[in-house]
>>> print(open('protein_25.pdb').read())   # PDB, C-alpha atoms
ATOM      1  CA  MET A  30      28.895 -80.988  -6.328  1.00  0.00           C
ATOM      2  CA  ARG A  31      26.588 -83.082  -8.505  1.00  0.00           C
ATOM      3  CA  ILE A  32      25.112 -81.432 -11.604  1.00  0.00           C
ATOM      4  CA  LYS A  33      22.704 -83.126 -13.986  1.00  0.00           C
ATOM      5  CA  VAL A  34      22.540 -82.222 -17.664  1.00  0.00           C
ATOM      6  CA  ILE A  35      19.075 -82.980 -19.038  1.00  0.00           C
ATOM      7  CA  ASN A  36      18.476 -83.697 -22.707  1.00  0.00           C
ATOM      8  CA  PRO A  37      14.707 -83.229 -23.270  1.00  0.00           C
ATOM      9  CA  ASN A  38      14.596 -85.545 -26.268  1.00  0.00           C
ATOM     10  CA  THR A  39      14.887 -89.324 -26.254  1.00  0.00           C
ATOM     11  CA  THR A  40      18.034 -89.629 -28.390  1.00  0.00           C
ATOM     12  CA  ALA A  41      20.682 -91.138 -26.131  1.00  0.00           C
ATOM     13  CA  ALA A  42      23.551 -90.233 -28.483  1.00  0.00           C
ATOM     14  CA  PHE A  43      22.830 -86.559 -27.849  1.00  0.00           C
ATOM     15  CA  THR A  44      22.800 -87.166 -24.112  1.00  0.00           C
ATOM     16  CA  HIS A  45      26.221 -88.824 -24.243  1.00  0.00           C
ATOM     17  CA  ARG A  46      27.575 -86.006 -26.410  1.00  0.00           C
ATOM     18  CA  VAL A  47      26.468 -83.174 -24.122  1.00  0.00           C
ATOM     19  CA  ARG A  48      27.624 -84.993 -20.997  1.00  0.00           C
ATOM     20  CA  ALA A  49      31.081 -85.504 -22.467  1.00  0.00           C
ATOM     21  CA  ALA A  50      31.268 -81.818 -23.387  1.00  0.00           C
ATOM     22  CA  ALA A  51      30.168 -80.697 -19.934  1.00  0.00           C
ATOM     23  CA  GLU A  52      32.665 -83.003 -18.236  1.00  0.00           C
ATOM     24  CA  ARG A  53      35.525 -81.344 -20.142  1.00  0.00           C
ATOM     25  CA  VAL A  54      34.838 -77.963 -18.524  1.00  0.00           C
ATOM     26  CA  ALA A  55      33.629 -79.122 -15.099  1.00  0.00           C
ATOM     27  CA  ALA A  56      35.694 -78.021 -12.119  1.00  0.00           C
ATOM     28  CA  PRO A  57      37.586 -80.604 -10.043  1.00  0.00           C
ATOM     29  CA  GLY A  58      35.122 -82.122  -7.615  1.00  0.00           C
ATOM     30  CA  THR A  59      32.096 -81.594  -9.865  1.00  0.00           C
ATOM     31  CA  SER A  60      30.351 -84.776 -10.954  1.00  0.00           C
ATOM     32  CA  VAL A  61      28.413 -84.409 -14.187  1.00  0.00           C
ATOM     33  CA  LEU A  62      25.458 -86.724 -14.668  1.00  0.00           C
ATOM     34  CA  ALA A  63      23.107 -86.758 -17.630  1.00  0.00           C
ATOM     35  CA  GLY A  64      19.698 -88.092 -18.509  1.00  0.00           C
ATOM     36  CA  ASN A  65      16.954 -88.056 -21.098  1.00  0.00           C
ATOM     37  CA  PRO A  66      13.315 -89.197 -20.979  1.00  0.00           C
ATOM     38  CA  ALA A  67      12.505 -92.737 -22.035  1.00  0.00           C
ATOM     39  CA  GLN A  68       9.392 -91.543 -23.877  1.00  0.00           C
ATOM     40  CA  GLY A  69       8.704 -88.394 -25.849  1.00  0.00           C
ATOM     41  CA  ALA A  70      10.206 -86.936 -29.020  1.00  0.00           C
ATOM     42  CA  ALA A  71      13.442 -88.007 -30.693  1.00  0.00           C
ATOM     43  CA  SER A  72      14.226 -84.345 -31.356  1.00  0.00           C
ATOM     44  CA  ILE A  73      12.708 -81.008 -30.337  1.00  0.00           C
ATOM     45  CA  GLU A  74      11.847 -79.135 -33.531  1.00  0.00           C
ATOM     46  CA  SER A  75       8.254 -78.003 -32.933  1.00  0.00           C
ATOM     47  CA  HIS A  76       5.969 -76.678 -30.224  1.00  0.00           C
ATOM     48  CA  ALA A  77       4.299 -80.087 -29.930  1.00  0.00           C
ATOM     49  CA  GLU A  78       7.630 -81.833 -29.444  1.00  0.00           C
ATOM     50  CA  GLU A  79       8.686 -79.149 -27.002  1.00  0.00           C
ATOM     51  CA  THR A  80       5.622 -79.883 -24.864  1.00  0.00           C
ATOM     52  CA  LEU A  81       6.523 -83.571 -24.753  1.00  0.00           C
ATOM     53  CA  GLY A  82      10.079 -82.622 -23.927  1.00  0.00           C
ATOM     54  CA  ALA A  83       8.983 -80.423 -21.045  1.00  0.00           C
ATOM     55  CA  LEU A  84       7.243 -83.396 -19.429  1.00  0.00           C
ATOM     56  CA  GLY A  85      10.446 -85.348 -19.854  1.00  0.00           C
ATOM     57  CA  VAL A  86      12.468 -82.590 -18.200  1.00  0.00           C
ATOM     58  CA  MET A  87      10.119 -82.602 -15.211  1.00  0.00           C
ATOM     59  CA  ALA A  88      10.463 -86.359 -14.846  1.00  0.00           C
ATOM     60  CA  GLU A  89      14.256 -86.112 -15.047  1.00  0.00           C
ATOM     61  CA  VAL A  90      14.283 -83.411 -12.374  1.00  0.00           C
ATOM     62  CA  GLN A  91      12.072 -85.560 -10.171  1.00  0.00           C
ATOM     63  CA  ALA A  92      14.582 -88.389 -10.487  1.00  0.00           C
ATOM     64  CA  GLY A  93      17.397 -85.969  -9.792  1.00  0.00           C
ATOM     65  CA  GLU A  94      15.740 -84.707  -6.634  1.00  0.00           C
ATOM     66  CA  ARG A  95      15.499 -88.259  -5.342  1.00  0.00           C
ATOM     67  CA  ASP A  96      19.206 -88.727  -6.143  1.00  0.00           C
ATOM     68  CA  GLY A  97      20.333 -85.558  -4.378  1.00  0.00           C
ATOM     69  CA  ILE A  98      21.351 -83.548  -7.444  1.00  0.00           C
ATOM     70  CA  ASP A  99      22.588 -80.014  -6.620  1.00  0.00           C
ATOM     71  CA  GLY A 100      21.659 -78.268  -9.882  1.00  0.00           C
ATOM     72  CA  TYR A 101      20.525 -78.803 -13.470  1.00  0.00           C
ATOM     73  CA  VAL A 102      21.339 -77.703 -17.010  1.00  0.00           C
ATOM     74  CA  VAL A 103      18.611 -78.124 -19.637  1.00  0.00           C
ATOM     75  CA  ALA A 104      20.400 -78.957 -22.877  1.00  0.00           C
ATOM     76  CA  CYS A 105      17.897 -77.901 -25.510  1.00  0.00           C
ATOM     77  CA  PHE A 106      17.912 -74.580 -27.320  1.00  0.00           C
ATOM     78  CA  GLY A 107      14.676 -72.877 -26.363  1.00  0.00           C
ATOM     79  CA  ASP A 108      15.125 -73.977 -22.729  1.00  0.00           C
ATOM     80  CA  THR A 109      12.421 -76.630 -22.855  1.00  0.00           C
ATOM     81  CA  GLY A 110      10.655 -77.094 -19.519  1.00  0.00           C
ATOM     82  CA  VAL A 111      12.978 -74.786 -17.554  1.00  0.00           C
ATOM     83  CA  HIS A 112      10.222 -72.838 -15.796  1.00  0.00           C
ATOM     84  CA  ALA A 113       8.415 -75.999 -14.716  1.00  0.00           C
ATOM     85  CA  ALA A 114      11.689 -77.536 -13.558  1.00  0.00           C
ATOM     86  CA  ARG A 115      12.385 -74.533 -11.352  1.00  0.00           C
ATOM     87  CA  GLU A 116       9.138 -75.123  -9.522  1.00  0.00           C
ATOM     88  CA  ILE A 117      10.072 -78.662  -8.546  1.00  0.00           C
ATOM     89  CA  ALA A 118      13.866 -78.499  -8.067  1.00  0.00           C
ATOM     90  CA  ARG A 119      15.518 -77.552  -4.795  1.00  0.00           C
ATOM     91  CA  GLY A 120      18.696 -76.347  -6.513  1.00  0.00           C
ATOM     92  CA  PRO A 121      19.197 -73.986  -9.481  1.00  0.00           C
ATOM     93  CA  VAL A 122      17.990 -74.840 -12.982  1.00  0.00           C
ATOM     94  CA  VAL A 123      19.667 -73.121 -15.938  1.00  0.00           C
ATOM     95  CA  GLY A 124      18.660 -73.333 -19.592  1.00  0.00           C
ATOM     96  CA  MET A 125      21.417 -73.454 -22.181  1.00  0.00           C
ATOM     97  CA  THR A 126      19.820 -70.627 -24.182  1.00  0.00           C
ATOM     98  CA  GLU A 127      19.594 -68.099 -21.374  1.00  0.00           C
ATOM     99  CA  ALA A 128      23.091 -69.041 -20.190  1.00  0.00           C
ATOM    100  CA  ALA A 129      24.521 -68.485 -23.673  1.00  0.00           C
ATOM    101  CA  LEU A 130      22.757 -65.137 -24.002  1.00  0.00           C
ATOM    102  CA  TYR A 131      23.916 -63.847 -20.622  1.00  0.00           C
ATOM    103  CA  PHE A 132      27.505 -64.896 -21.318  1.00  0.00           C
ATOM    104  CA  ALA A 133      27.397 -63.329 -24.796  1.00  0.00           C
ATOM    105  CA  ALA A 134      26.166 -60.053 -23.313  1.00  0.00           C
ATOM    106  CA  THR A 135      29.304 -59.841 -21.175  1.00  0.00           C
ATOM    107  CA  LEU A 136      31.622 -60.550 -24.112  1.00  0.00           C
ATOM    108  CA  ALA A 137      30.175 -58.526 -26.987  1.00  0.00           C
ATOM    109  CA  HIS A 138      27.890 -55.600 -27.705  1.00  0.00           C
ATOM    110  CA  SER A 139      25.992 -57.445 -30.444  1.00  0.00           C
ATOM    111  CA  PHE A 140      25.739 -61.145 -31.174  1.00  0.00           C
ATOM    112  CA  THR A 141      23.900 -63.657 -33.340  1.00  0.00           C
ATOM    113  CA  ILE A 142      22.299 -67.023 -32.647  1.00  0.00           C
ATOM    114  CA  VAL A 143      22.564 -69.600 -35.430  1.00  0.00           C
ATOM    115  CA  THR A 144      19.993 -72.290 -34.726  1.00  0.00           C
ATOM    116  CA  LEU A 145      18.435 -75.171 -36.622  1.00  0.00           C
ATOM    117  CA  PRO A 146      16.128 -75.940 -38.327  1.00  0.00           C
ATOM    118  CA  PRO A 147      14.525 -72.601 -39.349  1.00  0.00           C
ATOM    119  CA  ARG A 148      11.140 -73.256 -37.695  1.00  0.00           C
ATOM    120  CA  THR A 149      12.844 -73.304 -34.267  1.00  0.00           C
ATOM    121  CA  ARG A 150      13.729 -69.624 -34.504  1.00  0.00           C
ATOM    122  CA  ALA A 151      10.516 -68.994 -32.583  1.00  0.00           C
ATOM    123  CA  HIS A 152      11.911 -70.916 -29.607  1.00  0.00           C
ATOM    124  CA  SER A 153      15.100 -68.857 -29.610  1.00  0.00           C
ATOM    125  CA  LEU A 154      13.156 -65.613 -29.948  1.00  0.00           C
ATOM    126  CA  ARG A 155      10.987 -66.517 -26.939  1.00  0.00           C
ATOM    127  CA  VAL A 156      13.980 -66.900 -24.640  1.00  0.00           C
ATOM    128  CA  LEU A 157      15.648 -63.869 -26.182  1.00  0.00           C
ATOM    129  CA  HIS A 158      12.582 -61.784 -25.334  1.00  0.00           C
ATOM    130  CA  GLU A 159      12.555 -63.110 -21.760  1.00  0.00           C
ATOM    131  CA  THR A 160      16.175 -62.093 -21.239  1.00  0.00           C
ATOM    132  CA  GLY A 161      15.530 -58.554 -22.507  1.00  0.00           C
ATOM    133  CA  LEU A 162      18.356 -58.772 -25.056  1.00  0.00           C
ATOM    134  CA  THR A 163      16.372 -58.481 -28.288  1.00  0.00           C
ATOM    135  CA  HIS A 164      18.057 -55.155 -29.092  1.00  0.00           C
ATOM    136  CA  ARG A 165      21.482 -56.813 -29.084  1.00  0.00           C
ATOM    137  CA  CYS A 166      20.878 -60.172 -30.740  1.00  0.00           C
ATOM    138  CA  THR A 167      19.796 -61.494 -34.140  1.00  0.00           C
ATOM    139  CA  VAL A 168      18.518 -65.026 -34.760  1.00  0.00           C
ATOM    140  CA  ARG A 169      19.538 -66.928 -37.878  1.00  0.00           C
ATOM    141  CA  ALA A 170      19.042 -70.556 -38.877  1.00  0.00           C
ATOM    142  CA  VAL A 171      20.399 -73.258 -41.140  1.00  0.00           C
ATOM    143  CA  ASP A 172      18.118 -75.760 -42.826  1.00  0.00           C
ATOM    144  CA  VAL A 173      19.363 -78.906 -41.102  1.00  0.00           C
ATOM    145  CA  ALA A 174      17.356 -81.349 -38.988  1.00  0.00           C
ATOM    146  CA  VAL A 175      18.499 -81.879 -35.410  1.00  0.00           C
ATOM    147  CA  LEU A 176      18.840 -85.640 -35.861  1.00  0.00           C
ATOM    148  CA  ASP A 177      21.333 -85.063 -38.679  1.00  0.00           C
ATOM    149  CA  LEU A 178      23.768 -84.082 -35.918  1.00  0.00           C
ATOM    150  CA  GLU A 179      23.399 -87.341 -34.023  1.00  0.00           C
ATOM    151  CA  HIS A 180      26.581 -88.902 -35.384  1.00  0.00           C
ATOM    152  CA  GLU A 181      28.147 -86.259 -37.648  1.00  0.00           C
ATOM    153  CA  ALA A 182      27.986 -82.856 -35.984  1.00  0.00           C
ATOM    154  CA  GLU A 183      31.285 -81.938 -37.662  1.00  0.00           C
ATOM    155  CA  ALA A 184      29.556 -82.085 -41.044  1.00  0.00           C
ATOM    156  CA  MET A 185      27.615 -79.008 -39.938  1.00  0.00           C
ATOM    157  CA  LEU A 186      30.724 -76.811 -39.885  1.00  0.00           C
ATOM    158  CA  PRO A 187      30.504 -75.427 -43.459  1.00  0.00           C
ATOM    159  CA  ALA A 188      26.824 -74.460 -43.113  1.00  0.00           C
ATOM    160  CA  LEU A 189      27.360 -72.838 -39.712  1.00  0.00           C
ATOM    161  CA  LEU A 190      30.454 -71.045 -40.937  1.00  0.00           C
ATOM    162  CA  ALA A 191      28.636 -69.628 -43.973  1.00  0.00           C
ATOM    163  CA  GLU A 192      25.726 -68.360 -41.878  1.00  0.00           C
ATOM    164  CA  ALA A 193      28.079 -66.955 -39.255  1.00  0.00           C
ATOM    165  CA  ARG A 194      29.973 -64.966 -41.879  1.00  0.00           C
ATOM    166  CA  LEU A 195      26.668 -63.487 -43.009  1.00  0.00           C
ATOM    167  CA  ALA A 196      26.017 -62.565 -39.373  1.00  0.00           C
ATOM    168  CA  LEU A 197      29.336 -60.731 -39.161  1.00  0.00           C
ATOM    169  CA  ASP A 198      28.611 -58.761 -42.325  1.00  0.00           C
ATOM    170  CA  ALA A 199      24.856 -58.145 -42.106  1.00  0.00           C
ATOM    171  CA  ASP A 200      24.192 -58.214 -38.343  1.00  0.00           C
ATOM    172  CA  HIS A 201      27.522 -56.714 -37.244  1.00  0.00           C
ATOM    173  CA  ALA A 202      27.789 -59.639 -34.858  1.00  0.00           C
ATOM    174  CA  GLU A 203      30.711 -59.592 -32.455  1.00  0.00           C
ATOM    175  CA  ALA A 204      30.018 -63.053 -30.970  1.00  0.00           C
ATOM    176  CA  LEU A 205      28.234 -66.195 -32.119  1.00  0.00           C
ATOM    177  CA  ILE A 206      25.887 -68.457 -30.143  1.00  0.00           C
ATOM    178  CA  LEU A 207      25.441 -72.043 -31.307  1.00  0.00           C
ATOM    179  CA  GLY A 208      21.693 -72.652 -31.291  1.00  0.00           C
ATOM    180  CA  CYS A 209      21.624 -76.392 -30.629  1.00  0.00           C
ATOM    181  CA  ALA A 210      23.064 -78.814 -28.090  1.00  0.00           C
ATOM    182  CA  GLY A 211      25.768 -81.227 -29.186  1.00  0.00           C
ATOM    183  CA  LEU A 212      27.879 -78.731 -31.155  1.00  0.00           C
ATOM    184  CA  SER A 213      30.651 -78.054 -28.642  1.00  0.00           C
ATOM    185  CA  ASP A 214      33.287 -79.695 -30.868  1.00  0.00           C
ATOM    186  CA  LEU A 215      32.687 -76.917 -33.399  1.00  0.00           C
ATOM    187  CA  VAL A 216      33.492 -74.064 -31.002  1.00  0.00           C
ATOM    188  CA  ALA A 217      37.261 -74.083 -31.595  1.00  0.00           C
ATOM    189  CA  PRO A 218      37.212 -74.337 -35.426  1.00  0.00           C
ATOM    190  CA  LEU A 219      34.546 -71.633 -35.659  1.00  0.00           C
ATOM    191  CA  GLU A 220      36.481 -69.298 -33.369  1.00  0.00           C
ATOM    192  CA  GLN A 221      39.628 -69.891 -35.386  1.00  0.00           C
ATOM    193  CA  SER A 222      37.875 -69.110 -38.672  1.00  0.00           C
ATOM    194  CA  LEU A 223      35.765 -66.174 -37.472  1.00  0.00           C
ATOM    195  CA  GLY A 224      38.008 -64.493 -34.912  1.00  0.00           C
ATOM    196  CA  ILE A 225      35.139 -63.881 -32.483  1.00  0.00           C
ATOM    197  CA  PRO A 226      33.882 -65.622 -29.318  1.00  0.00           C
ATOM    198  CA  VAL A 227      31.730 -68.674 -30.074  1.00  0.00           C
ATOM    199  CA  ILE A 228      29.454 -69.732 -27.225  1.00  0.00           C
ATOM    200  CA  ASP A 229      28.055 -73.184 -26.527  1.00  0.00           C
ATOM    201  CA  GLY A 230      25.135 -72.983 -24.097  1.00  0.00           C
ATOM    202  CA  VAL A 231      25.761 -76.360 -22.477  1.00  0.00           C
ATOM    203  CA  LEU A 232      29.325 -75.436 -21.519  1.00  0.00           C
ATOM    204  CA  VAL A 233      28.497 -72.018 -20.099  1.00  0.00           C
ATOM    205  CA  GLY A 234      25.301 -73.402 -18.529  1.00  0.00           C
ATOM    206  CA  LEU A 235      27.380 -75.937 -16.610  1.00  0.00           C
ATOM    207  CA  LYS A 236      29.694 -73.194 -15.352  1.00  0.00           C
ATOM    208  CA  MET A 237      26.722 -71.015 -14.375  1.00  0.00           C
ATOM    209  CA  VAL A 238      25.172 -73.800 -12.298  1.00  0.00           C
ATOM    210  CA  GLU A 239      28.531 -74.510 -10.674  1.00  0.00           C
ATOM    211  CA  GLY A 240      28.780 -70.861  -9.652  1.00  0.00           C
ATOM    212  CA  LEU A 241      25.252 -70.710  -8.287  1.00  0.00           C
ATOM    213  CA  VAL A 242      25.692 -73.883  -6.248  1.00  0.00           C
ATOM    214  CA  ALA A 243      29.120 -72.820  -4.968  1.00  0.00           C
ATOM    215  CA  THR A 244      27.768 -69.500  -3.721  1.00  0.00           C
ATOM    216  CA  GLY A 245      24.711 -71.088  -2.137  1.00  0.00           C
ATOM    217  CA  LEU A 246      22.219 -69.411  -4.478  1.00  0.00           C
ATOM    218  CA  ARG A 247      18.959 -71.173  -5.280  1.00  0.00           C
ATOM    219  CA  THR A 248      15.806 -70.392  -7.246  1.00  0.00           C
ATOM    220  CA  SER A 249      13.498 -68.099  -5.311  1.00  0.00           C
ATOM    221  CA  LYS A 250      10.423 -69.886  -3.981  1.00  0.00           C
ATOM    222  CA  ARG A 251       8.716 -66.659  -2.976  1.00  0.00           C
ATOM    223  CA  SER A 252       6.019 -66.721  -5.666  1.00  0.00           C
ATOM    224  CA  THR A 253       6.519 -67.572  -9.334  1.00  0.00           C
ATOM    225  CA  TYR A 254       8.694 -70.649  -8.824  1.00  0.00           C
ATOM    226  CA  ALA A 255       7.081 -71.867  -5.620  1.00  0.00           C
ATOM    227  CA  THR A 256       6.090 -75.522  -5.442  1.00  0.00           C
ATOM    228  CA  PRO A 257       3.045 -76.104  -7.701  1.00  0.00           C
ATOM    229  CA  PRO A 258      -0.284 -75.326  -5.961  1.00  0.00           C
ATOM    230  CA  SER A 259      -1.305 -78.983  -6.124  1.00  0.00           C
ATOM    231  CA  GLY A 260       1.340 -79.507  -3.447  1.00  0.00           C
ATOM    232  CA  TRP A 261       2.951 -82.636  -4.846  1.00  0.00           C
ATOM    233  CA  ASP A 262       6.513 -83.287  -3.795  1.00  0.00           C
ATOM    234  CA  ALA A 263       9.004 -83.578  -6.638  1.00  0.00           C
ATOM    235  CA  ALA A 264      11.273 -85.777  -4.558  1.00  0.00           C
ATOM    236  CA  LYS A 265       8.611 -88.468  -4.121  1.00  0.00           C
ATOM    237  CA  GLY A 266       6.796 -90.655  -6.626  1.00  0.00           C
ATOM    238  CA  ASP A 267       6.127 -89.887 -10.257  1.00  0.00           C
ATOM    239  CA  LEU A 268       4.554 -86.954 -12.029  1.00  0.00           C
ATOM    240  CA  PRO A 269       0.843 -86.701 -11.251  1.00  0.00           C
TER     241      PRO A 269
END
>>> encode(input="protein_25.pdb", output="structure tokens")
Amino acid sequence: MRIKVINPNTTAAFTHRVRAAAERVAAPGTSVLAGNPAQGAASIESHAEETLGALGVMAEVQAGERDGIDGYVVACFGDTGVHAAREIARGPVVGMTEAALYFAATLAHSFTIVTLPPRTRAHSLRVLHETGLTHRCTVRAVDVAVLDLEHEAEAMLPALLAEARLALDADHAEALILGCAGLSDLVAPLEQSLGIPVIDGVLVGLKMVEGLVATGLRTSKRSTYATPPSGWDAAKGDLP
């Protein structure tokens, strides 16, 4: 099984970080590949950057289709470009946000996302609405730029821990979702301090894709996620 983790921004350090995290939980026999667009935004912190990132995701899926990839994980909170990717991929495409939410719903009655920076709450809320879990989840944020995590994600622990404790008290959260890729190293210390499940969307997204591929399940091409009407083939050439 070959699964590709796609980082929609152009920062290679993030790509290496999420690939390493995914490899730690991959089943024997699963090969984890990773990629990011050569052009676009260095981080996804706005709607404009998200649009650029979505184009990058499509290009990465195109390359993956040519390479025979079995499934994809989109490693950006807000699930940048996931719907477009599903139209052009043969195998399943899972966004880290939806994966984290679905896993949280099986582990806890109520849960909180802590994302960053604050303006990206809108991206989390969009996916939350699509999953139908708005009545069970609260979205919080810490005022940290995504690129601050590039080399020192561990420095984020105090800020995340403080916001998570507020979530336990004010939101009655029973689980915590980390609202950014590249934070998997913080799962264990947060769980130890908080005493609740802490969910990293890249890790559970990888396991979700593994399960879908192993059971032979693929994205429905019946209507919504059918090949784009223009008819171009994702496995050939570049984006039109």
>>> residues_around(input="protein_25.pdb", residues="Thr167 (chain A)", least_positions_apart="5", cutoff="8 Å", atoms="only C-alpha atoms", output="list in words")
Phe140, Thr141, Ile142 and Asp200 of chain A
>>> atom_distance(input="protein_25.pdb", atom1="CA of Gly161 (chain A)", atom2="CA of Glu127 (chain A)")
10.4 Å
>>> residues_around(input="protein_25.pdb", residues="Val227 (chain A)", least_positions_apart="5", cutoff="12 Å", atoms="only C-alpha atoms", output="MDAnalysis selection string")
chainID A and resid 129:130 132:133 136:137 140:143 189:190 193 202:208 212:222 232:233
>>> closest_residue(input="protein_25.pdb", among="A:Ala255, A:Ala67, A:Met237, A:Leu81", to="Pro121 (chain A)", atoms="only C-alpha atoms")
A:Met237
>>> closest_residue(input="protein_25.pdb", among="A:Thr253, A:Thr160, A:Ser153, A:Thr59", to="Asp108 (chain A)", atoms="all atoms listed in the file")
A:Ser153
>>> atom_distance(input="protein_25.pdb", atom1="CA of Val156 (chain A)", atom2="CA of His138 (chain A)")
18.2 Å
>>> resolve_selection(input="protein_25.pdb", expression="the PyMOL selection byres ((chain A and resi 247-252) around 8)", output="number ranges by chain")
A: 115-116, 119-122, 241-242, 245-246, 253-256
>>> write_last_selection(input="protein_25.pdb", atoms="C-alpha atoms", output="mmCIF file, in the frame of the given file")
data_model
loop_
_atom_site.group_PDB
_atom_site.id
_atom_site.type_symbol
_atom_site.label_atom_id
_atom_site.label_comp_id
_atom_site.auth_asym_id
_atom_site.auth_seq_id
_atom_site.Cartn_x
_atom_site.Cartn_y
_atom_site.Cartn_z
ATOM 1 C CA ARG A 115 12.385 -74.533 -11.352
ATOM 2 C CA GLU A 116 9.138 -75.123 -9.522
ATOM 3 C CA ARG A 119 15.518 -77.552 -4.795
ATOM 4 C CA GLY A 120 18.696 -76.347 -6.513
ATOM 5 C CA PRO A 121 19.197 -73.986 -9.481
ATOM 6 C CA VAL A 122 17.990 -74.840 -12.982
ATOM 7 C CA LEU A 241 25.252 -70.710 -8.287
ATOM 8 C CA VAL A 242 25.692 -73.883 -6.248
ATOM 9 C CA GLY A 245 24.711 -71.088 -2.137
ATOM 10 C CA LEU A 246 22.219 -69.411 -4.478
ATOM 11 C CA THR A 253 6.519 -67.572 -9.334
ATOM 12 C CA TYR A 254 8.694 -70.649 -8.824
ATOM 13 C CA ALA A 255 7.081 -71.867 -5.620
ATOM 14 C CA THR A 256 6.090 -75.522 -5.442
#
>>> closest_residue(input="protein_25.pdb", among="A:Thr244, A:Ser72, A:Thr126, A:Thr135", to="Asn38 (chain A)", atoms="only C-alpha atoms")
A:Ser72
>>> closest_residue(input="protein_25.pdb", among="A:Thr109, A:Asn36, A:Ser60, A:Asn65", to="Arg155 (chain A)", atoms="all atoms listed in the file")
A:Thr109
>>> closest_residue(input="protein_25.pdb", among="A:Arg48, A:His112, A:Arg194, A:Arg95", to="Ala63 (chain A)", atoms="only C-alpha atoms")
A:Arg48
>>> closest_residue(input="protein_25.pdb", among="A:Pro37, A:Pro146, A:Gly58, A:Gly93", to="Val111 (chain A)", atoms="all atoms listed in the file")
A:Pro37
>>> resolve_selection(input="protein_25.pdb", expression="the PyMOL selection byres ((chain A and resi 66) around 9)", output="ChimeraX atom specification")
/A:35-40,64-65,67-70,82,84-86,88-89
>>> atom_distance(input="protein_25.pdb", atom1="CA of Gly124 (chain A)", atom2="CA of Val102 (chain A)")
5.7 Å
